[in-house]
$ cat final-v3.tsv   # TSV, N, CA and C atoms
chain	number	residue	atom	x	y	z
A	750	MET	N	-21.05	-9.21	8.43
A	750	MET	CA	-20.15	-10.35	8.39
A	750	MET	C	-19.33	-10.31	7.12
A	751	GLY	N	-19.90	-10.01	6.01
A	751	GLY	CA	-19.17	-9.92	4.77
A	751	GLY	C	-19.27	-11.19	3.94
A	752	ILE	N	-19.13	-11.00	2.65
A	752	ILE	CA	-19.27	-12.13	1.71
A	752	ILE	C	-18.13	-13.14	1.87
A	753	PRO	N	-16.86	-12.72	1.98
A	753	PRO	CA	-15.80	-13.73	2.10
A	753	PRO	C	-15.91	-14.60	3.36
A	754	ILE	N	-16.27	-13.98	4.46
A	754	ILE	CA	-16.41	-14.76	5.70
A	754	ILE	C	-17.61	-15.70	5.60
A	755	SER	N	-18.69	-15.23	4.97
A	755	SER	CA	-19.85	-16.10	4.78
A	755	SER	C	-19.51	-17.31	3.93
A	756	LEU	N	-18.78	-17.09	2.85
A	756	LEU	CA	-18.36	-18.22	2.00
A	756	LEU	C	-17.43	-19.17	2.76
A	757	PHE	N	-16.56	-18.61	3.59
A	757	PHE	CA	-15.68	-19.44	4.41
A	757	PHE	C	-16.48	-20.30	5.38
A	758	LEU	N	-17.51	-19.72	6.00
A	758	LEU	CA	-18.35	-20.49	6.93
A	758	LEU	C	-19.12	-21.58	6.21
A	759	ILE	N	-19.63	-21.28	5.02
A	759	ILE	CA	-20.36	-22.29	4.26
A	759	ILE	C	-19.43	-23.44	3.89
A	760	ALA	N	-18.21	-23.12	3.44
A	760	ALA	CA	-17.26	-24.17	3.07
A	760	ALA	C	-16.82	-24.98	4.29
A	761	GLY	N	-16.55	-24.30	5.38
A	761	GLY	CA	-16.15	-25.01	6.61
A	761	GLY	C	-17.26	-25.89	7.15
A	762	GLY	N	-18.49	-25.38	7.09
A	762	GLY	CA	-19.63	-26.19	7.53
A	762	GLY	C	-19.85	-27.40	6.65
A	763	ALA	N	-19.64	-27.23	5.34
A	763	ALA	CA	-19.79	-28.37	4.43
A	763	ALA	C	-18.72	-29.43	4.71
A	764	ILE	N	-17.51	-28.99	5.01
A	764	ILE	CA	-16.46	-29.95	5.36
A	764	ILE	C	-16.83	-30.71	6.63
A	765	LEU	N	-17.31	-29.98	7.63
A	765	LEU	CA	-17.70	-30.65	8.88
A	765	LEU	C	-18.89	-31.57	8.66
A	766	ALA	N	-19.84	-31.17	7.84
A	766	ALA	CA	-21.07	-31.95	7.67
A	766	ALA	C	-20.86	-33.19	6.82
A	767	PHE	N	-20.02	-33.10	5.79
A	767	PHE	CA	-19.95	-34.19	4.83
A	767	PHE	C	-18.64	-34.97	4.85
A	768	ALA	N	-17.57	-34.38	5.35
A	768	ALA	CA	-16.27	-35.05	5.23
A	768	ALA	C	-15.70	-35.56	6.54
A	769	VAL	N	-16.12	-35.00	7.66
A	769	VAL	CA	-15.54	-35.38	8.95
A	769	VAL	C	-16.49	-36.33	9.65
A	770	THR	N	-15.94	-37.43	10.15
A	770	THR	CA	-16.75	-38.35	10.94
A	770	THR	C	-16.21	-38.34	12.36
A	771	GLY	N	-17.12	-38.17	13.30
A	771	GLY	CA	-16.71	-38.14	14.70
A	771	GLY	C	-16.72	-39.53	15.30
A	772	GLY	N	-15.94	-39.70	16.32
A	772	GLY	CA	-15.92	-40.97	17.03
A	772	GLY	C	-17.20	-41.18	17.83
A	773	SER	N	-17.42	-42.39	18.28
A	773	SER	CA	-18.64	-42.69	19.02
A	773	SER	C	-18.61	-42.10	20.43
A	774	ASP	N	-17.42	-41.75	20.92
A	774	ASP	CA	-17.33	-41.20	22.27
A	774	ASP	C	-17.39	-39.66	22.27
A	775	SER	N	-17.69	-39.07	21.12
A	775	SER	CA	-17.75	-37.62	21.00
A	775	SER	C	-19.04	-37.07	21.61
A	776	ASN	N	-18.94	-35.99	22.35
A	776	ASN	CA	-20.12	-35.36	22.92
A	776	ASN	C	-20.81	-34.43	21.93
A	777	VAL	N	-20.11	-34.04	20.87
A	777	VAL	CA	-20.65	-33.12	19.87
A	777	VAL	C	-20.90	-33.89	18.59
A	778	ASP	N	-22.09	-33.77	18.05
A	778	ASP	CA	-22.42	-34.39	16.77
A	778	ASP	C	-21.85	-33.49	15.67
A	779	ILE	N	-20.73	-33.88	15.08
A	779	ILE	CA	-19.99	-33.03	14.15
A	779	ILE	C	-20.80	-32.70	12.89
A	780	PRO	N	-21.49	-33.65	12.27
A	780	PRO	CA	-22.30	-33.26	11.09
A	780	PRO	C	-23.38	-32.23	11.41
A	781	VAL	N	-24.01	-32.33	12.56
A	781	VAL	CA	-25.03	-31.34	12.93
A	781	VAL	C	-24.38	-29.98	13.15
A	782	ALA	N	-23.22	-29.95	13.78
A	782	ALA	CA	-22.50	-28.69	13.95
A	782	ALA	C	-22.13	-28.10	12.59
A	783	GLY	N	-21.76	-28.95	11.63
A	783	GLY	CA	-21.44	-28.48	10.29
A	783	GLY	C	-22.65	-27.86	9.61
A	784	PHE	N	-23.81	-28.49	9.76
A	784	PHE	CA	-25.02	-27.91	9.17
A	784	PHE	C	-25.37	-26.57	9.81
A	785	ILE	N	-25.16	-26.46	11.11
A	785	ILE	CA	-25.43	-25.20	11.80
A	785	ILE	C	-24.50	-24.11	11.29
A	786	VAL	N	-23.23	-24.43	11.10
A	786	VAL	CA	-22.27	-23.45	10.58
A	786	VAL	C	-22.63	-23.07	9.14
A	787	MET	N	-23.08	-24.05	8.35
A	787	MET	CA	-23.49	-23.75	6.98
A	787	MET	C	-24.69	-22.81	6.95
A	788	VAL	N	-25.65	-23.02	7.80
A	788	VAL	CA	-26.83	-22.15	7.85
A	788	VAL	C	-26.43	-20.75	8.30
A	789	ALA	N	-25.53	-20.65	9.27
A	789	ALA	CA	-25.06	-19.33	9.71
A	789	ALA	C	-24.35	-18.60	8.57
A	790	GLY	N	-23.56	-19.31	7.80
A	790	GLY	CA	-22.90	-18.71	6.66
A	790	GLY	C	-23.87	-18.28	5.59
A	791	LEU	N	-24.91	-19.07	5.36
A	791	LEU	CA	-25.92	-18.72	4.36
A	791	LEU	C	-26.71	-17.49	4.79
A	792	VAL	N	-27.06	-17.41	6.06
A	792	VAL	CA	-27.77	-16.23	6.56
A	792	VAL	C	-26.89	-15.00	6.43
A	793	GLY	N	-25.61	-15.13	6.77
A	793	GLY	CA	-24.68	-14.00	6.63
A	793	GLY	C	-24.52	-13.58	5.18
A	794	LEU	N	-24.48	-14.54	4.27
A	794	LEU	CA	-24.36	-14.21	2.84
A	794	LEU	C	-25.60	-13.47	2.35
A	795	LEU	N	-26.77	-13.94	2.74
A	795	LEU	CA	-28.01	-13.27	2.32
A	795	LEU	C	-28.10	-11.86	2.89
A	796	LEU	N	-27.73	-11.69	4.15
A	796	LEU	CA	-27.74	-10.36	4.74
A	796	LEU	C	-26.72	-9.44	4.07
A	797	SER	N	-25.58	-9.99	3.71
A	797	SER	CA	-24.56	-9.18	3.02
A	797	SER	C	-25.07	-8.71	1.67
A	798	LEU	N	-25.78	-9.56	0.96
A	798	LEU	CA	-26.29	-9.17	-0.35
A	798	LEU	C	-27.45	-8.18	-0.24
A	799	VAL	N	-28.28	-8.35	0.77
A	799	VAL	CA	-29.42	-7.44	0.95
A	799	VAL	C	-28.94	-6.06	1.39
A	800	LEU	N	-27.97	-6.02	2.28
A	800	LEU	CA	-27.51	-4.75	2.84
A	800	LEU	C	-26.31	-4.17	2.10
A	801	TRP	N	-26.03	-4.63	0.90
A	801	TRP	CA	-24.85	-4.20	0.15
A	801	TRP	C	-24.86	-2.69	-0.07
A	802	ASP	N	-26.00	-2.12	-0.41
A	802	ASP	CA	-26.07	-0.71	-0.73
A	802	ASP	C	-25.76	0.16	0.48
A	803	SER	N	-26.27	-0.21	1.64
A	803	SER	CA	-26.03	0.63	2.81
A	803	SER	C	-24.59	0.52	3.29
A	804	TRP	N	-23.90	-0.59	3.03
A	804	TRP	CA	-22.50	-0.71	3.44
A	804	TRP	C	-21.58	0.12	2.56
A	805	ALA	N	-22.03	0.45	1.36
A	805	ALA	CA	-21.19	1.24	0.46
A	805	ALA	C	-21.34	2.73	0.73
A	806	GLY	N	-21.98	3.09	1.81
A	806	GLY	CA	-22.08	4.49	2.16
A	806	GLY	C	-23.39	5.15	1.77
A	807	GLY	N	-24.39	4.39	1.51
A	807	GLY	CA	-25.70	4.95	1.20
A	807	GLY	C	-25.80	5.45	-0.23
A	808	SER	N	-25.40	6.67	-0.47
A	808	SER	CA	-25.59	7.25	-1.80
A	808	SER	C	-24.33	7.17	-2.64
A	809	TYR	N	-23.42	6.33	-2.29
A	809	TYR	CA	-22.16	6.24	-3.05
A	809	TYR	C	-22.41	5.79	-4.48
A	810	TRP	N	-23.29	4.83	-4.70
A	810	TRP	CA	-23.51	4.28	-6.03
A	810	TRP	C	-24.67	4.97	-6.75
A	811	ARG	N	-25.42	5.79	-6.08
A	811	ARG	CA	-26.56	6.44	-6.71
A	811	ARG	C	-26.13	7.69	-7.45
A	812	ARG	N	-26.76	7.90	-8.58
A	812	ARG	CA	-26.51	9.14	-9.32
A	812	ARG	C	-27.75	10.00	-9.20
A	813	GLY	N	-27.63	11.03	-8.45
A	813	GLY	CA	-28.75	11.93	-8.27
A	813	GLY	C	-28.47	13.26	-8.96
A	814	ALA	N	-29.37	14.19	-8.75
A	814	ALA	CA	-29.19	15.51	-9.33
A	814	ALA	C	-28.04	16.23	-8.64
A	815	LEU	N	-27.33	17.00	-9.42
A	815	LEU	CA	-26.23	17.77	-8.86
A	815	LEU	C	-26.79	18.96	-8.10
A	816	PRO	N	-26.07	19.45	-7.11
A	816	PRO	CA	-26.55	20.63	-6.40
A	816	PRO	C	-26.53	21.84	-7.33
A	817	PRO	N	-27.40	22.80	-7.10
A	817	PRO	CA	-27.44	23.96	-8.00
A	817	PRO	C	-26.14	24.76	-7.90
A	818	GLU	N	-25.75	25.33	-9.03
A	818	GLU	CA	-24.53	26.14	-9.05
A	818	GLU	C	-24.82	27.48	-8.38
A	819	PRO	N	-23.83	28.03	-7.72
A	819	PRO	CA	-24.05	29.34	-7.08
A	819	PRO	C	-24.23	30.42	-8.15
A	820	ARG	N	-24.99	31.45	-7.82
A	820	ARG	CA	-25.22	32.55	-8.76
A	820	ARG	C	-23.93	33.34	-8.92
A	821	ARG	N	-23.64	33.65	-10.14
A	821	ARG	CA	-22.45	34.44	-10.41
A	821	ARG	C	-22.84	35.91	-10.47
A	822	ARG	N	-22.04	36.72	-9.85
A	822	ARG	CA	-22.31	38.15	-9.85
A	822	ARG	C	-21.34	38.82	-10.81
A	823	TYR	N	-21.91	39.37	-11.84
A	823	TYR	CA	-21.10	40.05	-12.84
A	823	TYR	C	-21.18	41.55	-12.56
A	824	PRO	N	-20.13	42.24	-12.92
A	824	PRO	CA	-20.20	43.71	-12.73
A	824	PRO	C	-21.23	44.31	-13.71
A	825	PRO	N	-21.85	45.40	-13.34
A	825	PRO	CA	-22.87	45.99	-14.21
A	825	PRO	C	-22.23	46.50	-15.52
A	826	LEU	N	-22.98	46.38	-16.57
A	826	LEU	CA	-22.51	46.86	-17.88
A	826	LEU	C	-22.75	48.37	-17.97
A	827	THR	N	-21.75	49.11	-18.40
A	827	THR	CA	-21.93	50.55	-18.53
A	827	THR	C	-21.73	51.02	-19.95

$ encode --input "final-v3.tsv" --output "structure tokens"
Amino acid sequence: MGIPISLFLIAGGAILAFAVTGGSDSNVDIPVAGFIVMVAGLVGLLLSLVLWDSWAGGSYWRRGALPPEPRRRYPPLT
């Protein structure tokens, strides 16, 4: 999902949960929907942070040993 989209979902859910009031004839409880969107954004944010290393290509950020250099063949000394 990504960090920016997760933050957007958390902010949108907070707006729905705390700032929007639904009418009495509404079939959807807007604050509850806002809390659900906030939880989905929080789960996405946590997954994004946990899986950050694998999204960067696995060994992109790791510094490992360099591969061995090929043997150089020098002409014989005479």

$ closest_residue --input "final-v3.tsv" --among "A:Ile759, A:Glu818, A:Tyr823, A:Leu765" --to "A:Leu791" --atoms "only N, CA and C atoms"
A:Ile759

$ closest_residue --input "final-v3.tsv" --among "A:Ile752, A:Ala760, A:Leu826, A:Leu800" --to "A:Met787" --atoms "only N, CA and C atoms"
A:Ala760

$ atom_distance --input "final-v3.tsv" --atom1 "atom N of A:Phe767" --atom2 "atom N of A:Val788"
11.7 Å

$ atom_distance --input "final-v3.tsv" --atom1 "atom CA of A:Trp801" --atom2 "atom CA of A:Val786"
22.0 Å

$ atom_distance --input "final-v3.tsv" --atom1 "atom C of A:Leu758" --atom2 "atom CA of A:Asn776"
21.7 Å

$ residues_around --input "final-v3.tsv" --residues "A:Phe784" --least-positions-apart "4" --cutoff "7 Å" --atoms "only N, CA and C atoms" --output "list in words"
Gly762, Ala763, Leu765, Ala766, Ile779, Pro780, Val788 and Ala789 of chain A

$ axis_aligned_box --input "final-v3.tsv" --around "stretch 776-790 of chain A" --padding-each-side "5 Å" --output "AutoDock Vina command-line options"
--center_x -22.9 --center_y -27.1 --center_z 14.3 --size_x 17.9 --size_y 27.7 --size_z 27.3

$ closest_residue --input "final-v3.tsv" --among "A:Ala768, A:Leu756, A:Gly783, A:Pro824" --to "A:Ser797" --atoms "only C-alpha atoms"
A:Leu756

$ residues_around --input "final-v3.tsv" --residues "A:Ser755" --least-positions-apart "5" --cutoff "8 Å" --atoms "all atoms listed in the file" --output "PyMOL selection string"
chain A and resi 750+760-761+789-795
